[in-house]
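Participant: Contents of start-v4.tsv (TSV, C-alpha atoms and all ligand atoms) are below:
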chain	number	residue	atom	x	y	z
A	1	MET	CA	14.84	-20.02	-150.76
A	2	THR	CA	14.71	-23.76	-150.18
A	3	VAL	CA	11.84	-25.09	-148.17
A	4	VAL	CA	12.85	-27.60	-145.50
A	5	THR	CA	10.13	-30.03	-144.57
A	6	ASP	CA	9.56	-31.27	-141.02
A	7	VAL	CA	10.93	-34.65	-141.95
A	8	GLU	CA	14.10	-33.18	-143.46
A	9	GLN	CA	14.47	-30.97	-140.41
A	10	GLN	CA	14.18	-34.04	-138.20
A	11	ASP	CA	16.85	-35.73	-140.30
A	12	LEU	CA	19.10	-32.66	-140.14
A	13	ALA	CA	18.73	-32.52	-136.39
A	14	SER	CA	19.61	-36.17	-135.97
A	15	PRO	CA	21.32	-37.69	-139.00
A	16	ASN	CA	21.74	-41.49	-138.92
A	17	VAL	CA	18.74	-42.00	-136.69
A	18	PRO	CA	17.08	-45.06	-138.20
A	19	CYS	CA	13.38	-45.83	-138.31
A	20	VAL	CA	12.08	-48.97	-136.66
A	21	THR	CA	8.61	-50.39	-137.24
A	22	LEU	CA	6.88	-52.45	-134.56
A	23	VAL	CA	4.47	-54.93	-136.13
A	24	VAL	CA	1.70	-55.96	-133.76
A	25	PRO	CA	-0.85	-58.60	-134.81
A	26	VAL	CA	-4.01	-58.37	-132.70
A	27	PHE	CA	-7.03	-60.62	-132.37
A	28	ASN	CA	-9.75	-59.76	-129.84
A	29	GLU	CA	-7.41	-57.68	-127.69
A	30	GLN	CA	-9.47	-54.63	-126.80
A	31	ASP	CA	-8.22	-54.55	-123.18
A	32	ALA	CA	-4.56	-55.05	-124.10
A	33	ILE	CA	-4.20	-52.12	-126.54
A	34	GLY	CA	-4.15	-49.38	-123.86
A	35	PRO	CA	-1.52	-50.95	-121.55
A	36	PHE	CA	0.61	-51.86	-124.57
A	37	LEU	CA	0.67	-48.35	-126.01
A	38	ASP	CA	1.24	-46.81	-122.55
A	39	GLN	CA	4.31	-48.94	-121.91
A	40	ILE	CA	5.69	-48.81	-125.45
A	41	GLU	CA	5.35	-45.06	-125.88
A	42	GLN	CA	6.97	-44.44	-122.50
A	43	LEU	CA	9.92	-46.57	-123.57
A	44	LEU	CA	10.20	-45.13	-127.07
A	45	LYS	CA	10.34	-41.58	-125.72
A	46	THR	CA	13.54	-42.46	-123.90
A	47	MET	CA	15.06	-43.75	-127.15
A	48	HIS	CA	14.49	-40.70	-129.27
A	49	ASP	CA	18.18	-40.25	-130.15
A	50	VAL	CA	18.63	-43.92	-130.99
A	51	ALA	CA	15.72	-44.55	-133.35
A	52	HIS	CA	12.38	-43.25	-134.56
A	53	PHE	CA	9.55	-45.70	-134.17
A	54	ASP	CA	6.24	-46.36	-135.80
A	55	ILE	CA	3.69	-49.02	-134.96
A	56	VAL	CA	1.67	-51.10	-137.43
A	57	PHE	CA	-1.27	-52.90	-135.84
A	58	VAL	CA	-2.72	-55.73	-137.91
A	59	ASN	CA	-6.27	-56.38	-136.76
A	60	ASP	CA	-6.72	-60.05	-137.53
A	61	GLY	CA	-10.53	-60.05	-137.81
A	62	SER	CA	-11.24	-59.15	-134.17
A	63	ARG	CA	-14.88	-59.42	-133.17
A	64	ASP	CA	-14.64	-57.19	-130.09
A	65	GLY	CA	-13.78	-53.49	-129.74
A	66	THR	CA	-10.12	-53.88	-130.80
A	67	GLU	CA	-10.45	-51.76	-133.94
A	68	LEU	CA	-12.18	-48.99	-132.01
A	69	ALA	CA	-9.58	-49.14	-129.24
A	70	ILE	CA	-6.76	-48.68	-131.78
A	71	ARG	CA	-8.48	-46.00	-133.79
A	72	SER	CA	-9.20	-43.97	-130.67
A	73	CYS	CA	-5.43	-43.89	-130.02
A	74	MET	CA	-4.56	-42.75	-133.54
A	75	SER	CA	-3.74	-39.11	-134.14
A	76	PRO	CA	-1.43	-37.23	-136.54
A	77	ASP	CA	1.28	-36.88	-133.86
A	78	ARG	CA	1.34	-40.60	-133.00
A	79	ALA	CA	3.02	-42.81	-135.57
A	80	ILE	CA	0.39	-45.54	-135.50
A	81	SER	CA	-1.06	-47.37	-138.51
A	82	LEU	CA	-3.87	-49.90	-138.59
A	83	VAL	CA	-4.42	-52.63	-141.17
A	84	ASN	CA	-7.78	-54.41	-140.86
A	85	LEU	CA	-7.95	-57.91	-142.33
A	86	SER	CA	-11.31	-59.07	-143.68
A	87	ARG	CA	-11.55	-61.97	-141.17
A	88	ASN	CA	-9.37	-63.96	-138.79
A	89	PHE	CA	-6.52	-65.42	-140.86
A	90	GLY	CA	-4.34	-66.51	-137.92
A	91	LYS	CA	-1.23	-64.94	-136.44
A	92	GLU	CA	1.17	-66.22	-139.10
A	93	ALA	CA	-0.78	-64.49	-141.90
A	94	ALA	CA	-1.39	-61.35	-139.83
A	95	LEU	CA	2.30	-61.02	-139.08
A	96	TRP	CA	3.19	-61.41	-142.73
A	97	ALA	CA	0.66	-58.71	-143.64
A	98	GLY	CA	2.38	-56.47	-141.08
A	99	LEU	CA	5.81	-57.14	-142.59
A	100	LYS	CA	4.46	-56.07	-145.98
A	101	TYR	CA	3.18	-52.77	-144.57
A	102	ALA	CA	6.25	-52.06	-142.41
A	103	THR	CA	8.47	-49.33	-143.83
A	104	GLY	CA	11.21	-49.09	-141.17
A	105	ASP	CA	14.93	-49.76	-141.59
A	106	ALA	CA	14.31	-52.55	-139.11
A	107	VAL	CA	11.13	-54.34	-138.10
A	108	ILE	CA	10.23	-55.88	-134.73
A	109	PRO	CA	7.21	-58.20	-134.58
A	110	ILE	CA	5.84	-58.05	-131.04
A	111	ASP	CA	2.74	-59.42	-129.25
A	112	VAL	CA	0.29	-56.89	-127.85
A	113	ASP	CA	-0.14	-58.68	-124.50
A	114	LEU	CA	3.27	-57.49	-123.20
A	115	GLN	CA	4.47	-61.10	-122.89
A	116	ASP	CA	7.25	-60.05	-125.28
A	117	ASP	CA	9.06	-57.72	-122.89
A	118	PRO	CA	9.50	-54.35	-124.69
A	119	THR	CA	12.25	-53.24	-122.29
A	120	ILE	CA	14.80	-55.30	-124.24
A	121	ILE	CA	14.19	-53.32	-127.44
A	122	PRO	CA	17.11	-50.92	-126.71
A	123	GLU	CA	19.45	-53.91	-126.38
A	124	MET	CA	18.14	-55.35	-129.66
A	125	ILE	CA	18.70	-52.07	-131.44
A	126	ALA	CA	22.23	-51.80	-130.04
A	127	LYS	CA	23.09	-55.26	-131.43
A	128	TRP	CA	21.53	-54.34	-134.77
A	129	ARG	CA	23.54	-51.12	-134.91
A	130	ALA	CA	26.64	-53.17	-134.15
A	131	GLY	CA	26.09	-55.25	-137.29
A	132	ALA	CA	23.60	-58.05	-136.58
A	133	GLN	CA	20.80	-58.29	-139.15
A	134	ILE	CA	18.58	-60.50	-137.04
A	135	VAL	CA	18.42	-60.16	-133.26
A	136	ASN	CA	16.47	-63.01	-131.66
A	137	ALA	CA	14.76	-62.53	-128.32
A	138	ARG	CA	15.12	-65.78	-126.40
A	139	ARG	CA	13.02	-66.59	-123.34
A	140	SER	CA	15.39	-67.17	-120.46
A	141	ASP	CA	12.70	-69.13	-118.66
A	142	ARG	CA	9.23	-70.38	-119.47
A	143	SER	CA	7.83	-70.31	-115.95
A	144	SER	CA	4.84	-68.29	-117.15
A	145	ASP	CA	3.81	-71.31	-119.25
A	146	THR	CA	2.05	-74.40	-117.89
A	147	TRP	CA	4.22	-77.53	-117.56
A	148	ILE	CA	2.33	-79.23	-120.37
A	149	LYS	CA	3.06	-76.31	-122.71
A	150	ARG	CA	6.72	-76.42	-121.72
A	151	VAL	CA	6.98	-80.17	-122.34
A	152	THR	CA	5.13	-80.01	-125.69
A	153	ALA	CA	7.18	-77.00	-126.82
A	154	GLN	CA	10.42	-78.79	-125.97
A	155	GLY	CA	9.17	-81.89	-127.84
A	156	PHE	CA	8.40	-79.75	-130.87
A	157	TYR	CA	11.87	-78.16	-130.96
A	158	ARG	CA	13.48	-81.62	-130.59
A	159	VAL	CA	11.49	-83.16	-133.43
A	160	PHE	CA	11.68	-80.09	-135.66
A	161	ASN	CA	15.43	-79.70	-135.29
A	162	ALA	CA	15.97	-83.43	-135.81
A	163	VAL	CA	14.20	-83.47	-139.18
A	164	ALA	CA	14.16	-79.90	-140.56
A	165	ASP	CA	16.75	-78.82	-143.11
A	166	GLN	CA	17.40	-75.60	-141.17
A	167	PRO	CA	17.09	-75.78	-137.35
A	168	ILE	CA	15.25	-73.12	-135.35
A	169	PRO	CA	16.67	-71.80	-132.07
A	170	GLN	CA	14.90	-73.09	-128.96
A	171	ASP	CA	12.57	-70.72	-127.06
A	172	VAL	CA	12.67	-67.95	-129.66
A	173	GLY	CA	9.23	-66.87	-130.83
A	174	ASP	CA	8.30	-64.27	-133.42
A	175	PHE	CA	9.65	-61.47	-131.20
A	176	ARG	CA	12.92	-60.45	-132.83
A	177	LEU	CA	14.51	-57.62	-134.77
A	178	LEU	CA	14.73	-58.02	-138.54
A	179	ASP	CA	16.85	-55.74	-140.70
A	180	ARG	CA	15.23	-54.19	-143.80
A	181	GLN	CA	17.25	-56.49	-146.07
A	182	VAL	CA	15.92	-59.53	-144.20
A	183	VAL	CA	12.34	-58.24	-144.35
A	184	ASP	CA	12.65	-57.69	-148.11
A	185	VAL	CA	13.79	-61.28	-148.56
A	186	LEU	CA	11.00	-62.56	-146.29
A	187	CYS	CA	8.42	-60.62	-148.32
A	188	THR	CA	9.40	-62.61	-151.40
A	189	LEU	CA	8.60	-65.92	-149.66
A	190	SER	CA	4.93	-66.16	-150.48
A	191	GLU	CA	4.32	-69.75	-149.45
A	192	ARG	CA	0.88	-70.39	-147.96
A	193	VAL	CA	1.74	-73.11	-145.48
A	194	ARG	CA	4.14	-71.35	-143.20
A	195	LEU	CA	5.59	-71.12	-139.75
A	196	ASN	CA	7.17	-67.70	-139.62
A	197	LYS	CA	9.89	-68.59	-137.15
A	198	ALA	CA	11.05	-71.40	-139.42
A	199	LEU	CA	11.32	-68.90	-142.31
A	200	PHE	CA	13.11	-66.34	-140.10
A	201	GLY	CA	15.75	-68.99	-139.47
A	202	TRP	CA	15.86	-70.15	-143.09
A	203	VAL	CA	16.85	-66.77	-144.57
A	204	GLY	CA	20.19	-66.75	-142.76
A	205	PHE	CA	22.09	-63.43	-142.18
A	206	PRO	CA	24.28	-62.56	-139.15
A	207	THR	CA	22.22	-63.29	-136.06
A	208	GLU	CA	22.58	-62.22	-132.43
A	209	GLU	CA	20.52	-62.98	-129.36
A	210	VAL	CA	19.06	-61.14	-126.38
A	211	LEU	CA	17.55	-62.88	-123.34
A	212	PHE	CA	14.27	-61.90	-121.74
A	213	GLU	CA	11.82	-63.13	-119.17
A	214	ARG	CA	8.34	-63.91	-120.42
A	215	HIS	CA	5.64	-62.50	-118.15
A	216	GLN	CA	1.96	-63.31	-117.82
A	217	ARG	CA	-0.47	-61.71	-120.25
A	218	SER	CA	-1.38	-58.07	-119.46
A	219	ALA	CA	-5.06	-58.70	-120.25
A	220	GLY	CA	-7.34	-61.20	-122.01
A	221	VAL	CA	-6.61	-64.86	-122.71
A	222	SER	CA	-4.42	-66.72	-125.19
A	223	THR	CA	-6.25	-67.90	-128.29
A	224	PHE	CA	-3.77	-70.66	-129.09
A	225	SER	CA	-5.37	-73.98	-128.15
A	226	TYR	CA	-3.24	-77.14	-128.10
A	227	TRP	CA	-5.01	-78.31	-131.26
A	228	ARG	CA	-4.01	-75.07	-133.01
A	229	LEU	CA	-0.41	-75.39	-131.77
A	230	TRP	CA	-0.32	-79.03	-132.96
A	231	ASN	CA	-1.45	-77.97	-136.45
A	232	MET	CA	1.11	-75.15	-136.51
A	233	ALA	CA	3.81	-77.64	-135.54
A	234	LEU	CA	2.76	-80.00	-138.37
A	235	ASP	CA	2.71	-77.12	-140.86
A	236	GLY	CA	6.15	-76.04	-139.70
A	237	ILE	CA	7.64	-79.51	-140.01
A	238	PHE	CA	6.04	-80.53	-143.32
A	239	ALA	CA	6.86	-77.13	-144.85
A	240	SER	CA	10.50	-77.35	-143.77
A	241	THR	CA	11.56	-80.85	-144.76
A	242	THR	CA	10.74	-83.75	-147.07
A	243	LYS	CA	12.49	-86.28	-144.82
A	244	PRO	CA	9.20	-87.91	-143.66
A	245	LEU	CA	8.55	-88.77	-147.33
A	246	ARG	CA	12.02	-90.11	-148.00
A	247	ILE	CA	12.20	-92.19	-144.84
A	248	TRP	CA	9.67	-94.61	-146.43
A	249	THR	CA	12.20	-95.60	-149.03
A	250	TYR	CA	14.44	-96.88	-146.23
A	251	ILE	CA	11.67	-98.42	-144.11
A	252	GLY	CA	10.17	-100.08	-147.20
A	253	SER	CA	13.48	-101.48	-148.47
A	254	SER	CA	14.52	-102.74	-145.01
A	255	LEU	CA	11.19	-104.51	-144.55
A	256	ALA	CA	11.39	-105.97	-148.06
A	257	LEU	CA	14.84	-107.33	-147.29
A	258	LEU	CA	13.64	-108.85	-144.01
A	259	SER	CA	10.67	-110.38	-145.86
A	260	PHE	CA	13.01	-112.04	-148.37
A	261	VAL	CA	15.10	-113.48	-145.55
A	262	TYR	CA	11.97	-114.73	-143.80
A	263	ALA	CA	10.62	-116.22	-147.05
A	264	GLY	CA	13.92	-118.04	-147.56
A	265	TYR	CA	13.74	-119.42	-144.03
A	266	LEU	CA	10.14	-120.64	-144.59
A	267	PHE	CA	11.13	-122.25	-147.88
A	268	LEU	CA	13.99	-124.15	-146.28
A	269	ARG	CA	11.89	-125.15	-143.28
A	270	THR	CA	9.17	-126.50	-145.55
A	271	LEU	CA	11.77	-128.51	-147.49
A	272	VAL	CA	13.19	-130.04	-144.31
A	273	PHE	CA	10.06	-130.48	-142.11
A	274	GLY	CA	7.27	-130.57	-144.73
A	275	VAL	CA	4.09	-128.44	-144.83
A	276	ASP	CA	3.34	-126.65	-141.57
A	277	VAL	CA	-0.39	-125.96	-141.09
A	278	PRO	CA	-0.35	-123.79	-137.98
A	279	GLY	CA	0.79	-120.23	-138.66
A	280	TYR	CA	-2.37	-118.21	-138.24
A	281	ALA	CA	-0.88	-115.91	-135.58
A	282	SER	CA	2.24	-114.98	-137.53
A	283	THR	CA	0.19	-114.40	-140.73
A	284	VAL	CA	-2.26	-112.08	-138.98
A	285	VAL	CA	0.53	-110.21	-137.22
A	286	LEU	CA	2.31	-109.62	-140.54
A	287	ILE	CA	-0.89	-108.49	-142.29
A	288	LEU	CA	-1.66	-106.04	-139.48
A	289	LEU	CA	1.90	-104.76	-139.36
A	290	PHE	CA	2.17	-104.10	-143.09
A	291	GLY	CA	-1.41	-102.77	-143.29
A	292	GLY	CA	-0.66	-100.28	-140.51
A	293	LEU	CA	2.64	-99.22	-142.06
A	294	ASN	CA	0.95	-98.75	-145.44
A	295	LEU	CA	-1.77	-96.55	-144.00
A	296	PHE	CA	0.79	-94.51	-142.09
A	297	ALA	CA	2.85	-93.97	-145.24
A	298	VAL	CA	-0.28	-93.00	-147.18
A	299	GLY	CA	-1.11	-90.55	-144.36
A	300	ILE	CA	2.30	-88.88	-144.71
A	301	LEU	CA	1.72	-88.60	-148.47
A	302	GLY	CA	-1.66	-87.04	-147.71
A	303	GLU	CA	-0.06	-84.42	-145.45
A	304	TYR	CA	2.15	-83.28	-148.30
A	305	ILE	CA	-0.48	-83.53	-151.04
A	306	GLY	CA	-2.91	-81.41	-148.99
A	307	ARG	CA	-0.27	-78.74	-148.61
A	308	ILE	CA	0.63	-78.91	-152.32
A	309	LEU	CA	-3.06	-78.28	-153.07
A	310	THR	CA	-3.04	-75.26	-150.77
A	311	GLU	CA	0.02	-73.89	-152.55
A	312	VAL	CA	-1.20	-74.44	-156.13
A	313	ARG	CA	-4.59	-72.89	-155.38
A	314	ASP	CA	-2.51	-69.75	-154.92
A	315	ARG	CA	-5.03	-67.86	-152.83
A	316	PRO	CA	-3.68	-64.82	-151.01
A	317	LEU	CA	-2.51	-65.47	-147.48
A	318	TYR	CA	-4.75	-62.69	-146.13
A	319	VAL	CA	-7.27	-60.16	-147.39
A	320	VAL	CA	-7.12	-56.52	-146.31
A	321	ARG	CA	-10.49	-54.89	-145.57
A	322	ASN	CA	-9.01	-51.41	-145.16
A	323	ALA	CA	-5.90	-49.69	-143.86
A	324	TYR	CA	-5.34	-46.44	-141.98
A	325	LEU	CA	-1.73	-45.56	-142.58
A	326	HIS	CA	0.17	-43.00	-140.61
A	327	GLN	CA	1.48	-40.29	-142.91
A	328	GLU	CA	4.73	-38.55	-142.08
A	329	PRO	CA	4.22	-34.77	-142.25
A	330	ASP	CA	4.82	-33.39	-145.76
A	331	THR	CA	5.17	-36.81	-147.35
B	401	LIG	N1	-3.07	-63.23	-132.62
B	401	LIG	C1	-3.47	-62.91	-133.93
B	401	LIG	N2	-4.30	-63.77	-134.59
B	401	LIG	C2	-4.76	-64.93	-134.03
B	401	LIG	C3	-4.32	-65.25	-132.72
B	401	LIG	C4	-3.46	-64.39	-132.05
B	401	LIG	O1	-3.09	-61.88	-134.48
B	401	LIG	O2	-5.53	-65.64	-134.68
B	401	LIG	C5	-2.18	-62.30	-131.90
B	401	LIG	C6	-2.62	-61.93	-130.49
B	401	LIG	O3	-3.52	-60.84	-130.48
B	401	LIG	C7	-1.30	-61.59	-129.82
B	401	LIG	C8	-0.32	-62.54	-130.50
B	401	LIG	O4	-0.94	-62.94	-131.73
B	401	LIG	O5	-0.89	-60.25	-130.06
B	401	LIG	C9	0.01	-63.75	-129.63
B	401	LIG	O6	-1.19	-64.42	-129.28
B	401	LIG	P1	-1.41	-65.10	-127.87
B	401	LIG	O7	-0.98	-64.20	-126.78
B	401	LIG	O8	-2.85	-65.57	-127.84
B	401	LIG	O9	-0.45	-66.36	-127.99
B	401	LIG	P2	0.54	-66.97	-126.86
B	401	LIG	O10	1.26	-65.82	-126.22
B	401	LIG	O11	-0.32	-67.70	-125.93
B	401	LIG	O12	1.44	-67.85	-127.65
B	402	MG	MG	0.58	-64.09	-125.50
Spell out the structure here as structure tokens.
Ligand code: UDP
Ligand code: MG
Facilitator:
Amino acid sequence: MTVVTDVEQQDLASPNVPCVTLVVPVFNEQDAIGPFLDQIEQLLKTMHDVAHFDIVFVNDGSRDGTELAIRSCMSPDRAISLVNLSRNFGKEAALWAGLKYATGDAVIPIDVDLQDDPTIIPEMIAKWRAGAQIVNARRSDRSSDTWIKRVTAQGFYRVFNAVADQPIPQDVGDFRLLDRQVVDVLCTLSERVRLNKALFGWVGFPTEEVLFERHQRSAGVSTFSYWRLWNMALDGIFASTTKPLRIWTYIGSSLALLSFVYAGYLFLRTLVFGVDVPGYASTVVLILLFGGLNLFAVGILGEYIGRILTEVRDRPLYVVRNAYLHQEPDT
């Protein structure tokens, strides 16, 4: 007699039902865990014939009761895993850790604060089943953001897409569906300086889009200060293009050409009108101009050299303290 395990029985009952892993990075979110799981589990129940789900929380060094809140929700019948990082490594690293632990046929990174509206997950899955390997969730409006955040975000997309080798779609965050093949490729990109959404765009693959409205946070406060966002933007740009380095070749050669022309003019003028003593202002202006340009160019070099140092040091992007992984029955 052959023994049929629960998992096989599940598969027999519903062949072709794929598994989808939700990856949820969390940092000091003790009050957001409950509402998130309530809403998600309600939704997932209605999708039982479409996909099986499991959730991987990555606790990014929370200092409040986040770990306890998650562990109190874990039980053998709830497909929830928890990966605790040894300290706060930042959302980019936490998300990458989650991708490494995700086992689903598709993976959806999602924020715990319900700002990434889970009700569009069925639509994402439908587009994935229809052939798309990445399904972006694009914010149809950013009214939940302050005007300054909207303006700075728009500025970032403008600048990034003007200089980066591979543009990123406007108003798409980390919330998106990634096919297993895409996740496997992403897991091979081990660069330290990273902006995940730039990498998501870089890998290519057939991509579709779903619109959603971004709501206010369910609980707690955002931990992304403008300074942190600015540094993320710089990391994203400098990791995605070398144009800021190359542009100095053109600026330098144009200025050198202009200097030759100006030198020729001065030479001729001196020949015709003799030695001209005044000239302090123009000399100082030129010294300041070239001094400033030099420092700026050195600064750009520094941005890249600092990042090269980070890469060659080759430290891991995150450190796992411990992990509680959900085990499928009989596996
Ligand atoms: N987050 C994280 N590590 C951090 C900061 C944030 O894992 O260092 C998580 C956070 O718990 C949330 C998600 O990343 O699930 C988005 O963070 P937040 O809501 O603060 O960002 P915002 O929505 O303001 O961009
Ligand atoms: Mg948020």
Participant: I'd like to know which of A:Val135, A:Ala32, A:Ala79, A:Ala97 is closest to Ser190 of chain A, using all atoms listed in the file.
Facilitator: A:Ala97
Participant: Considering all atoms listed in the file, state which residue in the set A:Leu258, A:Ala137, A:Leu317, A:Val107 is at the smallest distance from Val183 of chain A.
Facilitator: A:Val107
Participant: Can I get the residues close to ligand MG 402 (chain B) as a PyMOL selection string, where close means within 7 Å and we count all atoms listed in the file?
Facilitator: chain A and resi 111+113+115+217+222
Participant: Can you list, as an MDAnalysis selection string, every protein, DNA or RNA residue that comes within 8 Å of segment 155-157 of chain A when you count all atoms listed in the file, leaving out same-chain residues fewer than 6 positions away?
Facilitator: chainID A and resid 168 170 233
Participant: I need the residues from that last selection saved to file as an mmCIF file, in the coordinates of the input (with C-alpha atoms), if you can.
Facilitator:
data_model
loop_
_atom_site.group_PDB
_atom_site.id
_atom_site.type_symbol
_atom_site.label_atom_id
_atom_site.label_comp_id
_atom_site.auth_asym_id
_atom_site.auth_seq_id
_atom_site.Cartn_x
_atom_site.Cartn_y
_atom_site.Cartn_z
ATOM 1 C CA ILE A 168 15.250 -73.120 -135.350
ATOM 2 C CA GLN A 170 14.900 -73.090 -128.960
ATOM 3 C CA ALA A 233 3.810 -77.640 -135.540
#
Participant: For ligand LIG 401 (chain B), return the neighbouring residues as a list in words (distance at most 6 Å; all atoms listed in the file).
Facilitator: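 Those within range of ligand LIG 401 (chain B) are Pro25, Val26, Phe27, Glu29, Asp60, Asn88, Gly90, Lys91, Ala94, Asp111, Val112, Asp113, Ser222, Thr223 and Phe224 of chain A.
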Participant: Taking all atoms listed in the file into account, which of A:Thr207, A:Ser254, A:Gln327, A:Ser218 comes nearest Ala132 of chain A?
Facilitator: A:Thr207
Participant: Env of segment 138-143 of chain A: 6 Å cut, atoms = only C-alpha atoms, seq-sep filter 3 positions within chain, self excluded. Answer as a list in words.
Facilitator: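 The contact residues come out as Asp171, Val172, Leu211, Phe212 and Glu213 of chain A.
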Participant: Of the candidates A:Cys19, A:Ile300, A:Val58, A:Leu85, which one gets nearest to Asn322 of chain A if we count only C-alpha atoms?
Facilitator: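 Of all the options, A:Leu85 lies closest to Asn322 of chain A.
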Participant: Go ahead and compute the interatomic distance for atom CA of Leu178 of chain A and atom CA of Leu99 of chain A, in Å to one decimal.
Facilitator: 9.8 Å
Participant: Nearest to Asp179 of chain A among A:Trp96, A:Tyr226, A:Trp128, A:Phe160, with distances taken over all atoms listed in the file: which residue is it?
Facilitator: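 Counting all atoms listed in the file, the residue closest to Asp179 of chain A is A:Trp128.
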Participant: Report the distance between atom CA of Val203 of chain A and atom CA of Gly236 of chain A in Å, rounded to one decimal place.
Facilitator: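 Atom-to-atom, atom CA of Val203 of chain A to atom CA of Gly236 of chain A, that is 15.0 Å.
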Participant: Measuring between only C-alpha atoms, which one of A:Leu245, A:Leu266, A:Val284, A:Leu37 shows the shortest distance to Ile305 of chain A?
Facilitator: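 Checking each of A:Leu245, A:Leu266, A:Val284, A:Leu37 against Ile305 of chain A, counting only C-alpha atoms, the winner is A:Leu245.
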Participant: Please measure the separation of atom CA of Gly252 of chain A and atom CA of Glu303 of chain A, giving the value in Å to one decimal.
Facilitator: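 Value for the atom CA of Gly252 of chain A-atom CA of Glu303 of chain A distance: 18.8 Å.
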Participant: Using the file's own x, y and z axes, what box holds all listed atoms of segment 198-201 of chain A with 6 Å on each side, keeping edges along x, y and z, and what are its centre and edge lengths in Å to one decimal, as JSON?
Facilitator:
{"center_x": 13.4, "center_y": -68.9, "center_z": -140.9, "size_x": 16.7, "size_y": 17.1, "size_z": 14.9}
Participant: Mind listing whatever residues come within 6 Å of the point (5.7, -52.2, -127.4)? Use all atoms listed in the file, file coordinates, and give them as a list in words.
Facilitator: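 Protein, DNA and RNA residues close to (5.7, -52.2, -127.4): Phe36, Ile40 and Pro118 of chain A.
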Participant: Restore N, CA and C atoms in segment 158-172 of chain A and list the result as a PDB file, in the frame of the given file.
Facilitator:
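Now in out.pdb:
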ATOM      1  N   ARG A 158      12.670 -80.400-130.380  1.00  0.00           N
ATOM      2  CA  ARG A 158      13.480 -81.620-130.590  1.00  0.00           C
ATOM      3  C   ARG A 158      13.185 -82.215-131.952  1.00  0.00           C
ATOM      4  N   VAL A 159      11.877 -82.479-132.189  1.00  0.00           N
ATOM      5  CA  VAL A 159      11.490 -83.160-133.430  1.00  0.00           C
ATOM      6  C   VAL A 159      11.828 -82.276-134.624  1.00  0.00           C
ATOM      7  N   PHE A 160      11.454 -80.995-134.530  1.00  0.00           N
ATOM      8  CA  PHE A 160      11.680 -80.090-135.660  1.00  0.00           C
ATOM      9  C   PHE A 160      13.159 -80.057-136.025  1.00  0.00           C
ATOM     10  N   ASN A 161      13.997 -79.853-134.998  1.00  0.00           N
ATOM     11  CA  ASN A 161      15.430 -79.700-135.290  1.00  0.00           C
ATOM     12  C   ASN A 161      16.070 -81.011-135.731  1.00  0.00           C
ATOM     13  N   ALA A 162      15.436 -82.136-135.372  1.00  0.00           N
ATOM     14  CA  ALA A 162      15.970 -83.430-135.810  1.00  0.00           C
ATOM     15  C   ALA A 162      15.698 -83.635-137.301  1.00  0.00           C
ATOM     16  N   VAL A 163      14.549 -83.155-137.789  1.00  0.00           N
ATOM     17  CA  VAL A 163      14.200 -83.470-139.180  1.00  0.00           C
ATOM     18  C   VAL A 163      14.335 -82.286-140.149  1.00  0.00           C
ATOM     19  N   ALA A 164      14.217 -81.050-139.638  1.00  0.00           N
ATOM     20  CA  ALA A 164      14.160 -79.900-140.560  1.00  0.00           C
ATOM     21  C   ALA A 164      15.524 -79.646-141.197  1.00  0.00           C
ATOM     22  N   ASP A 165      15.490 -79.099-142.405  1.00  0.00           N
ATOM     23  CA  ASP A 165      16.750 -78.820-143.110  1.00  0.00           C
ATOM     24  C   ASP A 165      17.505 -77.688-142.423  1.00  0.00           C
ATOM     25  N   GLN A 166      16.766 -76.724-141.846  1.00  0.00           N
ATOM     26  CA  GLN A 166      17.400 -75.600-141.170  1.00  0.00           C
ATOM     27  C   GLN A 166      16.818 -75.527-139.745  1.00  0.00           C
ATOM     28  N   PRO A 167      17.651 -75.753-138.708  1.00  0.00           N
ATOM     29  CA  PRO A 167      17.090 -75.780-137.350  1.00  0.00           C
ATOM     30  C   PRO A 167      16.584 -74.411-136.895  1.00  0.00           C
ATOM     31  N   ILE A 168      15.661 -74.407-135.933  1.00  0.00           N
ATOM     32  CA  ILE A 168      15.250 -73.120-135.350  1.00  0.00           C
ATOM     33  C   ILE A 168      15.719 -73.071-133.901  1.00  0.00           C
ATOM     34  N   PRO A 169      16.163 -71.879-133.436  1.00  0.00           N
ATOM     35  CA  PRO A 169      16.670 -71.800-132.070  1.00  0.00           C
ATOM     36  C   PRO A 169      15.545 -72.031-131.058  1.00  0.00           C
ATOM     37  N   GLN A 170      15.893 -72.766-129.985  1.00  0.00           N
ATOM     38  CA  GLN A 170      14.900 -73.090-128.960  1.00  0.00           C
ATOM     39  C   GLN A 170      14.428 -71.825-128.219  1.00  0.00           C
ATOM     40  N   ASP A 171      13.162 -71.787-127.876  1.00  0.00           N
ATOM     41  CA  ASP A 171      12.570 -70.720-127.060  1.00  0.00           C
ATOM     42  C   ASP A 171      12.647 -69.326-127.670  1.00  0.00           C
ATOM     43  N   VAL A 172      12.745 -69.255-128.983  1.00  0.00           N
ATOM     44  CA  VAL A 172      12.670 -67.950-129.660  1.00  0.00           C
ATOM     45  C   VAL A 172      11.357 -67.938-130.438  1.00  0.00           C
TER      46      VAL A 172
END
